[in-house]
$ cat run34.txt   # compact mmCIF, C-alpha atoms and all ligand atoms
# COMPACT_ATOMS: atom_id res chain seq x y z
CA MET A 1 17.89 20.26 4.02
CA LYS A 2 14.29 19.62 3.15
CA LYS A 3 13.53 16.12 1.93
CA LYS A 4 12.44 15.53 -1.65
CA ILE A 5 9.43 13.32 -2.29
CA THR A 6 8.49 12.35 -5.82
CA LEU A 7 5.06 11.04 -6.69
CA ILE A 8 5.04 9.07 -9.94
CA GLY A 9 1.43 9.30 -11.09
CA ALA A 10 -0.50 12.47 -10.36
CA GLY A 11 -3.95 10.96 -10.57
CA GLN A 12 -6.44 10.49 -7.75
CA ILE A 13 -4.03 8.89 -5.29
CA GLY A 14 -1.03 10.97 -6.44
CA GLY A 15 -2.87 14.26 -5.91
CA THR A 16 -4.12 13.20 -2.48
CA LEU A 17 -0.61 12.08 -1.50
CA ALA A 18 0.75 15.49 -2.51
CA HIS A 19 -1.87 17.27 -0.42
CA LEU A 20 -1.28 15.17 2.69
CA ILE A 21 2.52 15.42 2.38
CA ALA A 22 2.28 19.20 2.06
CA LEU A 23 -0.06 19.50 5.06
CA LYS A 24 2.37 17.39 7.12
CA GLU A 25 5.39 19.28 5.71
CA LEU A 26 7.25 16.02 5.12
CA GLY A 27 9.29 17.59 2.31
CA ASP A 28 9.20 19.22 -1.11
CA VAL A 29 6.92 17.43 -3.55
CA VAL A 30 7.48 16.68 -7.22
CA LEU A 31 4.41 15.37 -9.02
CA PHE A 32 5.38 13.39 -12.12
CA ASP A 33 2.90 12.20 -14.73
CA VAL A 34 2.93 11.28 -18.41
CA ALA A 35 0.18 13.87 -18.60
CA PRO A 36 2.22 16.89 -17.47
CA GLY A 37 -0.74 19.25 -17.22
CA ILE A 38 -2.32 17.14 -14.46
CA ALA A 39 0.93 17.16 -12.49
CA LYS A 40 1.52 20.89 -12.90
CA GLY A 41 -2.12 21.81 -12.25
CA LYS A 42 -2.39 19.79 -9.05
CA ALA A 43 0.97 21.05 -7.78
CA LEU A 44 -0.11 24.66 -8.35
CA ASP A 45 -3.56 24.14 -6.84
CA ILE A 46 -2.14 22.58 -3.65
CA ALA A 47 0.62 25.23 -3.47
CA GLN A 48 -2.06 27.92 -3.57
CA SER A 49 -3.57 26.47 -0.40
CA SER A 50 -0.31 27.02 1.51
CA PRO A 51 -1.20 30.56 2.68
CA VAL A 52 -4.48 29.21 4.09
CA ASN A 53 -3.04 26.07 5.65
CA GLY A 54 0.31 27.56 6.59
CA PHE A 55 2.65 24.92 5.19
CA ASN A 56 6.05 25.72 3.76
CA VAL A 57 7.04 23.18 1.13
CA ASN A 58 7.69 23.51 -2.55
CA LEU A 59 5.37 21.72 -4.99
CA SER A 60 6.03 21.23 -8.70
CA GLY A 61 4.73 19.17 -11.60
CA THR A 62 6.67 17.56 -14.44
CA ASN A 63 6.92 14.81 -17.03
CA GLU A 64 10.74 14.78 -16.99
CA TYR A 65 12.55 12.25 -14.78
CA GLU A 66 15.44 14.69 -14.53
CA ASP A 67 13.27 16.92 -12.29
CA THR A 68 12.80 14.04 -9.85
CA LYS A 69 16.52 13.39 -9.37
CA ASN A 70 17.93 12.62 -5.93
CA SER A 71 14.53 12.02 -4.37
CA ASP A 72 14.55 10.67 -0.82
CA VAL A 73 11.21 8.94 -1.26
CA ILE A 74 9.32 7.93 -4.39
CA ILE A 75 5.69 6.86 -4.22
CA ILE A 76 4.35 5.17 -7.32
CA THR A 77 0.73 5.21 -8.38
CA ALA A 78 1.34 5.34 -12.13
CA GLY A 79 -1.04 2.97 -13.81
CA VAL A 80 -4.62 2.26 -14.55
CA PRO A 81 -7.20 1.84 -11.77
CA ARG A 82 -10.07 -0.66 -11.74
CA LYS A 83 -13.48 -0.16 -13.27
CA PRO A 84 -16.60 -1.79 -11.82
CA GLY A 85 -16.51 -5.57 -12.28
CA MET A 86 -12.73 -5.71 -12.69
CA THR A 87 -10.39 -7.40 -10.24
CA ARG A 88 -6.97 -5.97 -9.41
CA ASP A 89 -5.48 -8.86 -11.39
CA ASP A 90 -7.16 -7.62 -14.58
CA LEU A 91 -4.74 -4.67 -14.50
CA LEU A 92 -1.64 -6.87 -14.70
CA GLU A 93 -0.58 -6.55 -18.33
CA ILE A 94 -1.01 -2.81 -18.72
CA ASN A 95 0.42 -1.86 -15.35
CA LEU A 96 3.45 -4.14 -15.81
CA LYS A 97 4.38 -2.15 -18.92
CA ILE A 98 3.93 1.13 -17.10
CA ILE A 99 6.00 0.01 -14.12
CA LYS A 100 8.86 -1.01 -16.41
CA GLN A 101 9.02 2.54 -17.78
CA VAL A 102 8.88 3.96 -14.27
CA ALA A 103 11.68 1.66 -13.06
CA GLU A 104 13.91 2.76 -15.95
CA GLY A 105 13.23 6.40 -15.12
CA ILE A 106 13.86 6.29 -11.39
CA LYS A 107 16.89 4.00 -11.39
CA LYS A 108 18.85 6.55 -13.39
CA THR A 109 17.81 9.57 -11.35
CA SER A 110 17.22 8.46 -7.73
CA PRO A 111 19.15 5.25 -7.05
CA ASN A 112 19.13 5.83 -3.28
CA ALA A 113 15.42 6.47 -2.85
CA PHE A 114 13.03 4.56 -0.62
CA VAL A 115 10.34 3.43 -3.04
CA ILE A 116 6.74 2.78 -2.07
CA CYS A 117 4.57 1.15 -4.70
CA ILE A 118 0.78 1.49 -4.70
CA THR A 119 -0.04 0.45 -8.28
CA ASN A 120 -2.11 -2.75 -8.57
CA PRO A 121 -2.02 -5.73 -8.70
CA LEU A 122 0.19 -4.67 -5.82
CA ASP A 123 2.26 -7.71 -4.82
CA ILE A 124 3.29 -8.44 -8.40
CA ILE A 125 3.85 -4.85 -9.44
CA VAL A 126 6.10 -4.15 -6.45
CA MET A 127 8.07 -7.28 -7.19
CA ALA A 128 8.43 -6.35 -10.88
CA LEU A 129 9.47 -2.84 -9.88
CA GLN A 130 12.25 -4.22 -7.69
CA LYS A 131 13.45 -6.53 -10.48
CA TYR A 132 13.30 -3.90 -13.22
CA SER A 133 15.01 -1.24 -11.10
CA GLY A 134 17.54 -3.46 -9.33
CA PHE A 135 17.03 -1.39 -6.15
CA PRO A 136 17.81 -3.17 -2.85
CA LYS A 137 14.85 -5.23 -1.65
CA ASN A 138 14.67 -3.39 1.68
CA LYS A 139 14.20 -0.11 -0.22
CA VAL A 140 11.25 -1.26 -2.35
CA VAL A 141 8.00 -1.91 -0.53
CA GLY A 142 4.32 -2.10 -1.37
CA MET A 143 1.40 -0.32 0.26
CA ALA A 144 -1.58 -2.55 0.95
CA GLY A 145 -1.64 -3.98 4.46
CA ILE A 146 -2.08 -0.63 6.20
CA LEU A 147 -5.06 0.10 3.97
CA ASP A 148 -6.64 -3.34 4.40
CA SER A 149 -6.07 -3.24 8.17
CA SER A 150 -7.46 0.28 8.34
CA ARG A 151 -10.61 -0.80 6.53
CA PHE A 152 -11.05 -3.77 8.89
CA ILE A 153 -10.49 -1.62 11.98
CA TYR A 154 -12.93 1.00 10.70
CA PHE A 155 -15.67 -1.59 10.11
CA LEU A 156 -15.09 -3.08 13.58
CA SER A 157 -15.19 0.37 15.15
CA GLN A 158 -18.54 1.09 13.48
CA GLU A 159 -19.95 -2.28 14.53
CA LEU A 160 -18.80 -2.06 18.15
CA ASN A 161 -19.20 1.70 18.52
CA ILE A 162 -15.61 2.03 19.71
CA PRO A 163 -13.09 4.61 18.42
CA PRO A 164 -10.67 3.16 15.82
CA LYS A 165 -7.71 4.17 18.01
CA LYS A 166 -8.76 1.59 20.61
CA ILE A 167 -8.64 -1.25 18.09
CA ARG A 168 -5.52 -3.05 16.90
CA SER A 169 -5.51 -5.48 14.05
CA LEU A 170 -3.60 -6.68 11.02
CA VAL A 171 -4.58 -7.86 7.60
CA LEU A 172 -1.80 -9.79 5.88
CA GLY A 173 -1.07 -11.83 2.73
CA GLY A 174 -1.70 -10.76 -0.83
CA HIS A 175 -3.64 -7.58 -1.61
CA GLY A 176 -6.59 -9.36 -3.18
CA ASP A 177 -9.65 -11.35 -2.21
CA SER A 178 -7.40 -13.87 -0.44
CA MET A 179 -6.06 -11.35 2.11
CA VAL A 180 -6.08 -12.65 5.70
CA ALA A 181 -7.48 -10.76 8.68
CA ILE A 182 -5.39 -11.95 11.63
CA LEU A 183 -8.05 -12.38 14.31
CA GLY A 184 -5.44 -13.65 16.78
CA SER A 185 -3.81 -10.20 16.64
CA THR A 186 -7.09 -8.31 16.81
CA GLU A 187 -7.60 -6.50 20.10
CA ILE A 188 -10.37 -4.18 21.14
CA GLU A 189 -9.52 -2.00 24.14
CA GLY A 190 -6.82 -4.56 24.95
CA LYS A 191 -9.16 -7.56 24.75
CA LYS A 192 -8.83 -10.29 22.13
CA ILE A 193 -11.69 -10.32 19.63
CA ASP A 194 -12.36 -13.99 20.53
CA GLU A 195 -13.21 -12.88 24.08
CA LEU A 196 -15.72 -10.38 22.72
CA VAL A 197 -17.29 -13.18 20.70
CA LYS A 198 -17.45 -15.36 23.83
CA GLU A 199 -19.01 -12.50 25.78
CA GLY A 200 -21.63 -12.10 23.04
CA ARG A 201 -20.57 -8.53 22.18
CA ILE A 202 -20.22 -9.58 18.55
CA LYS A 203 -21.56 -12.72 16.89
CA LYS A 204 -19.07 -14.94 15.08
CA GLU A 205 -21.22 -14.74 11.91
CA ARG A 206 -21.19 -10.94 12.06
CA LEU A 207 -17.40 -10.94 12.49
CA ASN A 208 -17.09 -13.18 9.44
CA GLU A 209 -19.24 -10.75 7.45
CA ILE A 210 -16.93 -7.89 8.44
CA VAL A 211 -13.89 -9.92 7.38
CA GLU A 212 -15.56 -10.56 4.01
CA ARG A 213 -16.49 -6.89 3.60
CA THR A 214 -12.85 -5.97 4.28
CA LYS A 215 -11.61 -8.33 1.58
CA LYS A 216 -13.94 -6.66 -0.89
CA GLY A 217 -13.43 -3.18 0.58
CA GLY A 218 -11.76 -1.84 -2.56
CA ALA A 219 -14.44 -3.24 -4.89
CA GLU A 220 -17.20 -1.68 -2.77
CA ILE A 221 -15.71 1.74 -3.45
CA VAL A 222 -15.06 1.04 -7.15
CA LYS A 223 -18.75 0.20 -7.45
CA TYR A 224 -19.79 3.53 -5.93
CA LEU A 225 -17.29 5.67 -7.82
CA GLU A 226 -17.86 3.93 -11.16
CA LYS A 227 -14.94 5.83 -12.74
CA GLY A 228 -12.00 4.88 -10.55
CA SER A 229 -10.94 3.31 -7.29
CA ALA A 230 -10.35 4.41 -3.71
CA PHE A 231 -7.84 7.17 -3.12
CA TYR A 232 -8.17 8.90 0.27
CA ALA A 233 -7.41 5.86 2.43
CA PRO A 234 -4.73 4.49 0.05
CA ALA A 235 -2.95 7.86 0.07
CA ALA A 236 -3.14 8.17 3.87
CA SER A 237 -1.61 4.70 4.16
CA GLY A 238 1.23 5.50 1.76
CA VAL A 239 2.04 8.67 3.69
CA GLU A 240 2.30 6.72 6.94
CA MET A 241 5.02 4.55 5.40
CA ALA A 242 6.89 7.53 3.95
CA GLU A 243 6.77 9.35 7.28
CA SER A 244 8.12 6.37 9.22
CA TYR A 245 11.08 6.22 6.81
CA LEU A 246 11.79 9.96 6.65
CA LYS A 247 11.58 10.46 10.43
CA ASP A 248 13.11 7.09 11.35
CA LEU A 249 10.02 6.29 13.44
CA LYS A 250 10.58 2.52 13.19
CA LYS A 251 6.83 1.94 13.16
CA GLU A 252 5.52 -1.60 12.84
CA LEU A 253 3.38 -1.54 9.73
CA PRO A 254 1.82 -4.25 7.57
CA CYS A 255 3.36 -3.81 4.09
CA ALA A 256 4.14 -5.88 1.01
CA ALA A 257 7.76 -6.85 1.65
CA TYR A 258 10.19 -9.29 0.11
CA LEU A 259 10.10 -12.64 1.89
CA ASN A 260 13.29 -14.64 2.08
CA GLY A 261 12.17 -17.58 4.18
CA GLU A 262 10.01 -15.64 6.63
CA TYR A 263 6.62 -17.28 7.21
CA GLY A 264 8.01 -20.22 5.20
CA PHE A 265 8.04 -18.43 1.83
CA LYS A 266 10.87 -17.29 -0.41
CA GLU A 267 11.44 -14.96 -3.32
CA ILE A 268 8.03 -13.37 -3.21
CA TYR A 269 6.51 -10.10 -2.05
CA ALA A 270 3.49 -10.33 0.26
CA GLY A 271 1.86 -8.45 3.12
CA VAL A 272 3.59 -8.98 6.46
CA PRO A 273 4.29 -6.74 9.45
CA VAL A 274 7.58 -4.88 9.01
CA VAL A 275 9.56 -2.17 10.78
CA ILE A 276 10.14 0.91 8.62
CA GLY A 277 12.96 3.26 9.64
CA SER A 278 15.72 5.25 8.00
CA LYS A 279 17.24 2.07 6.52
CA GLY A 280 13.99 1.16 4.78
CA VAL A 281 12.44 -2.16 5.71
CA GLU A 282 14.60 -2.83 8.76
CA LYS A 283 12.92 -5.99 9.93
CA ILE A 284 10.17 -8.43 9.08
CA ILE A 285 8.17 -9.36 12.15
CA GLU A 286 7.22 -13.02 12.32
CA LEU A 287 3.98 -13.44 14.21
CA ASN A 288 2.90 -16.73 15.71
CA LEU A 289 -0.04 -17.49 13.48
CA ASN A 290 -2.56 -20.12 14.52
CA GLU A 291 -3.23 -23.10 12.25
CA GLU A 292 -6.17 -21.51 10.44
CA GLU A 293 -4.27 -18.26 9.89
CA LYS A 294 -1.27 -20.19 8.57
CA LYS A 295 -3.49 -22.10 6.17
CA ASN A 296 -5.18 -18.94 4.90
CA PHE A 297 -1.85 -17.11 4.61
CA ALA A 298 -0.45 -19.98 2.52
CA LYS A 299 -3.56 -19.87 0.31
CA SER A 300 -3.09 -16.16 -0.17
CA ILE A 301 0.57 -16.59 -1.12
CA LYS A 302 -0.50 -19.27 -3.59
CA SER A 303 -2.75 -16.78 -5.38
CA VAL A 304 0.13 -14.27 -5.50
CA GLN A 305 2.34 -17.03 -6.94
CA ASN A 306 -0.28 -17.84 -9.59
CA LEU A 307 -0.42 -14.21 -10.66
CA LEU A 308 3.37 -14.09 -10.69
CA ASP A 309 3.33 -17.02 -13.12
CA SER A 310 1.01 -15.01 -15.39
CA ALA A 311 3.35 -12.02 -15.12
CA LYS A 312 6.31 -14.20 -16.13
CA LYS A 313 4.38 -15.32 -19.21
CA ILE A 314 3.76 -11.69 -20.15
CA ASP A 315 7.39 -10.72 -19.52
CA PRO A 316 9.89 -13.60 -19.35
CA SER A 317 12.55 -11.20 -18.03
CA LEU A 318 10.77 -11.50 -14.67
CA ILE A 319 11.77 -15.16 -14.35
N1 LIG B 1 4.29 7.24 -16.02
C1 LIG B 1 3.77 8.13 -15.15
N2 LIG B 1 2.45 8.26 -14.93
C2 LIG B 1 1.63 7.45 -15.61
C3 LIG B 1 2.10 6.49 -16.53
C4 LIG B 1 3.51 6.41 -16.74
N3 LIG B 1 4.04 5.54 -17.58
N4 LIG B 1 1.03 5.85 -17.04
C5 LIG B 1 -0.06 6.36 -16.46
N5 LIG B 1 0.29 7.35 -15.61
C6 LIG B 1 -0.57 8.20 -14.78
C7 LIG B 1 -1.88 8.58 -15.45
O1 LIG B 1 -1.70 9.65 -16.38
C8 LIG B 1 -2.72 8.99 -14.24
O2 LIG B 1 -2.69 10.39 -14.00
O3 LIG B 1 -0.95 7.53 -13.61
C9 LIG B 1 -2.08 8.24 -13.08
C10 LIG B 1 -3.00 7.25 -12.38
O4 LIG B 1 -3.99 7.98 -11.76
P1 LIG B 1 -5.52 7.50 -11.69
O5 LIG B 1 -5.94 6.98 -13.03
O6 LIG B 1 -6.32 8.58 -11.06
O7 LIG B 1 -5.44 6.22 -10.72
P2 LIG B 1 -5.39 6.18 -9.10
O8 LIG B 1 -6.76 6.08 -8.56
O9 LIG B 1 -4.49 7.24 -8.61
O10 LIG B 1 -4.72 4.73 -8.89
C11 LIG B 1 -3.44 4.44 -9.36
O11 LIG B 1 -3.02 2.75 -7.72
O12 LIG B 1 -4.43 1.71 -6.17
C12 LIG B 1 -3.83 1.63 -7.42
O13 LIG B 1 -5.37 0.24 -8.63
C13 LIG B 1 -4.83 1.54 -8.51
O14 LIG B 1 -3.24 0.83 -10.12
C14 LIG B 1 -4.00 1.94 -9.69
C15 LIG B 1 -3.05 3.00 -9.11
$ encode --input "run34.txt" --output "structure tokens" --more "lines below"
Ligand code: APR
Amino acid sequence: MKKKITLIGAGQIGGTLAHLIALKELGDVVLFDVAPGIAKGKALDIAQSSPVNGFNVNLSGTNEYEDTKNSDVIIITAGVPRKPGMTRDDLLEINLKIIKQVAEGIKKTSPNAFVICITNPLDIIVMALQKYSGFPKNKVVGMAGILDSSRFIYFLSQELNIPPKKIRSLVLGGHGDSMVAILGSTEIEGKKIDELVKEGRIKKERLNEIVERTKKGGAEIVKYLEKGSAFYAPAASGVEMAESYLKDLKKELPCAAYLNGEYGFKEIYAGVPVVIGSKGVEKIIELNLNEEEKKNFAKSIKSVQNLLDSAKKIDPSLI
């Protein structure tokens, strides 16, 4: 049986997700959007590329939750993206309302799905989605860390003139300006980044600039695009999570997951390394962070907690 993957939101990220999923033949794709024409049009356009690209999956578009029923995976991008000058947090009120509708829709039709949330502000929206839907916490996860890590690795690869595949790193914490690049877990061709700094291959100041650019990586793209936010790299990151679940690859991926004491925090979603397999989030990996990383991680969680407080004021049912 082919798997069924529903994409709630058929905008920039939703359309790119559909294309990548079709090219990888991960399963049949249902594009859902409140604007049904967008969903149907993109589904048809991508389907018409199947003779050229040789994939064999079914693509359809809808605005009826009934058509999404019994999905194996649901990826949510429904919501409003940023405009230049906005932070992700500015999207809170409007996207909370949208995510409530989405949760109502999917809990009736696909109660067993693995749900990946991409809508911003990510850590709060994924948490609200879990609360509104009542889905198990290991089946609701947010996409951010893979994207942030990918941006950091890309910038390092450009700086050092080394292929991205030879670089390993992780960016953890909240998906905002407080995100934390874990330099202690950053390795270039098997060597710790600190050693490269000692050897003079990269100056500490330059490394700091790259960390800062990573934190503002999304805003840099919003500024260029003017009318929306990044979509190719976010979609690629979401697909990696879906694939690890569908194929039980048990990949270690940085994702926004529910913390229940791990890293010293409880009852909050934030970016940490997890294992994704056929049971969903199968494990949270606890890294040994150094003192500075711990401090920055705690600061990042604090900003997620502050935003959560704002969300609870908007909707007391989140308390
Ligand atoms: N149900 C389903 N779809 C909805 C709903 C809803 N209640 N409300 C809005 N949408 C749809 C819009 O019609 C639009 O097609 O969500 C889509 C969002 O697409 P874009 O505006 O192109 O936004 P995109 O760039 O894909 O980003 C989506 O992901 O990364 C985040 O910050 C980003 O929150 C934003 C989200």
$ closest_residue --input "run34.txt" --among "A:Tyr65, A:Phe152, A:Tyr258, A:Phe297" --to "A:Asp123" --atoms "all atoms listed in the file"
A:Tyr258
$ residues_near_ligand --input "run34.txt" --ligand "ligand LIG 1 (chain B)" --cutoff "7 Å" --atoms "only C-alpha atoms and all ligand atoms" --output "PDB file with C-alpha atoms, in the frame of the given file"
ATOM      1  CA  ILE A   8       5.040   9.070  -9.940  1.00  0.00           C
ATOM      2  CA  GLY A   9       1.430   9.300 -11.090  1.00  0.00           C
ATOM      3  CA  ALA A  10      -0.500  12.470 -10.360  1.00  0.00           C
ATOM      4  CA  GLY A  11      -3.950  10.960 -10.570  1.00  0.00           C
ATOM      5  CA  GLN A  12      -6.440  10.490  -7.750  1.00  0.00           C
ATOM      6  CA  ILE A  13      -4.030   8.890  -5.290  1.00  0.00           C
ATOM      7  CA  GLY A  14      -1.030  10.970  -6.440  1.00  0.00           C
ATOM      8  CA  PHE A  32       5.380  13.390 -12.120  1.00  0.00           C
ATOM      9  CA  ASP A  33       2.900  12.200 -14.730  1.00  0.00           C
ATOM     10  CA  VAL A  34       2.930  11.280 -18.410  1.00  0.00           C
ATOM     11  CA  ALA A  35       0.180  13.870 -18.600  1.00  0.00           C
ATOM     12  CA  ILE A  38      -2.320  17.140 -14.460  1.00  0.00           C
ATOM     13  CA  THR A  77       0.730   5.210  -8.380  1.00  0.00           C
ATOM     14  CA  ALA A  78       1.340   5.340 -12.130  1.00  0.00           C
ATOM     15  CA  GLY A  79      -1.040   2.970 -13.810  1.00  0.00           C
ATOM     16  CA  VAL A  80      -4.620   2.260 -14.550  1.00  0.00           C
ATOM     17  CA  PRO A  81      -7.200   1.840 -11.770  1.00  0.00           C
ATOM     18  CA  ARG A  82     -10.070  -0.660 -11.740  1.00  0.00           C
ATOM     19  CA  ARG A  88      -6.970  -5.970  -9.410  1.00  0.00           C
ATOM     20  CA  ASN A  95       0.420  -1.860 -15.350  1.00  0.00           C
ATOM     21  CA  ILE A  98       3.930   1.130 -17.100  1.00  0.00           C
ATOM     22  CA  ILE A  99       6.000   0.010 -14.120  1.00  0.00           C
ATOM     23  CA  GLN A 101       9.020   2.540 -17.780  1.00  0.00           C
ATOM     24  CA  VAL A 102       8.880   3.960 -14.270  1.00  0.00           C
ATOM     25  CA  ILE A 118       0.780   1.490  -4.700  1.00  0.00           C
ATOM     26  CA  THR A 119      -0.040   0.450  -8.280  1.00  0.00           C
ATOM     27  CA  ASN A 120      -2.110  -2.750  -8.570  1.00  0.00           C
ATOM     28  CA  PRO A 121      -2.020  -5.730  -8.700  1.00  0.00           C
ATOM     29  CA  GLY A 228     -12.000   4.880 -10.550  1.00  0.00           C
ATOM     30  CA  SER A 229     -10.940   3.310  -7.290  1.00  0.00           C
ATOM     31  CA  ALA A 230     -10.350   4.410  -3.710  1.00  0.00           C
ATOM     32  CA  PHE A 231      -7.840   7.170  -3.120  1.00  0.00           C
ATOM     33  CA  PRO A 234      -4.730   4.490   0.050  1.00  0.00           C
TER      34      PRO A 234
END
$ atom_distance --input "run34.txt" --atom1 "atom CA of A:Arg201" --atom2 "atom CA of A:Thr186"
14.5 Å
$ closest_residue --input "run34.txt" --among "A:Lys69, A:Lys131, A:Ser50, A:His19" --to "A:Ser317" --atoms "only C-alpha atoms"
A:Lys131
$ closest_residue --input "run34.txt" --among "A:Lys216, A:Lys24, A:Lys3, A:Lys139" --to "A:Gly54" --atoms "all atoms listed in the file"
A:Lys24
$ residues_around --input "run34.txt" --residues "stretch 235-238 of chain A" --least-positions-apart "2" --cutoff "7 Å" --atoms "only C-alpha atoms" --output "number ranges by chain"
A: 13, 16-17, 143, 146-147, 231-233, 240-242
$ residues_around --input "run34.txt" --residues "stretch 177-181 of chain A" --least-positions-apart "3" --cutoff "12 Å" --atoms "only C-alpha atoms" --output "PyMOL selection string"
chain A and resi 87-89+121+123+144-153+156+168-174+184-186+193+207-219+254+256+270-272+289+292-304
$ closest_residue --input "run34.txt" --among "A:Ile221, A:Leu259, A:Leu59, A:Ile188" --to "A:Ile162" --atoms "only C-alpha atoms"
A:Ile188
$ closest_residue --input "run34.txt" --among "A:Lys2, A:Lys266, A:Lys312, A:Lys251" --to "A:Val57" --atoms "only C-alpha atoms"
A:Lys2
$ atom_distance --input "run34.txt" --atom1 "atom CA of A:Asn306" --atom2 "atom CA of A:Leu287"
24.6 Å
$ decode --input "run34.txt" --residues "stretch 306-318 of chain A" --atoms "C-alpha atoms" --output "PDB file, in the first residue's frame"
ATOM      1  CA  ASN A 306       7.830  34.143  27.197  1.00  0.00           C
ATOM      2  CA  LEU A 307       6.097  33.644  23.877  1.00  0.00           C
ATOM      3  CA  LEU A 308       4.110  30.769  25.362  1.00  0.00           C
ATOM      4  CA  ASP A 309       2.887  33.164  28.056  1.00  0.00           C
ATOM      5  CA  SER A 310       1.681  35.529  25.305  1.00  0.00           C
ATOM      6  CA  ALA A 311      -0.053  32.612  23.578  1.00  0.00           C
ATOM      7  CA  LYS A 312      -1.832  31.693  26.823  1.00  0.00           C
ATOM      8  CA  LYS A 313      -3.089  35.275  27.100  1.00  0.00           C
ATOM      9  CA  ILE A 314      -4.477  35.060  23.565  1.00  0.00           C
ATOM     10  CA  ASP A 315      -6.052  31.648  24.199  1.00  0.00           C
ATOM     11  CA  PRO A 316      -6.444  30.639  27.864  1.00  0.00           C
ATOM     12  CA  SER A 317      -7.330  27.081  26.774  1.00  0.00           C
ATOM     13  CA  LEU A 318      -3.586  26.615  26.221  1.00  0.00           C
TER      14      LEU A 318
END
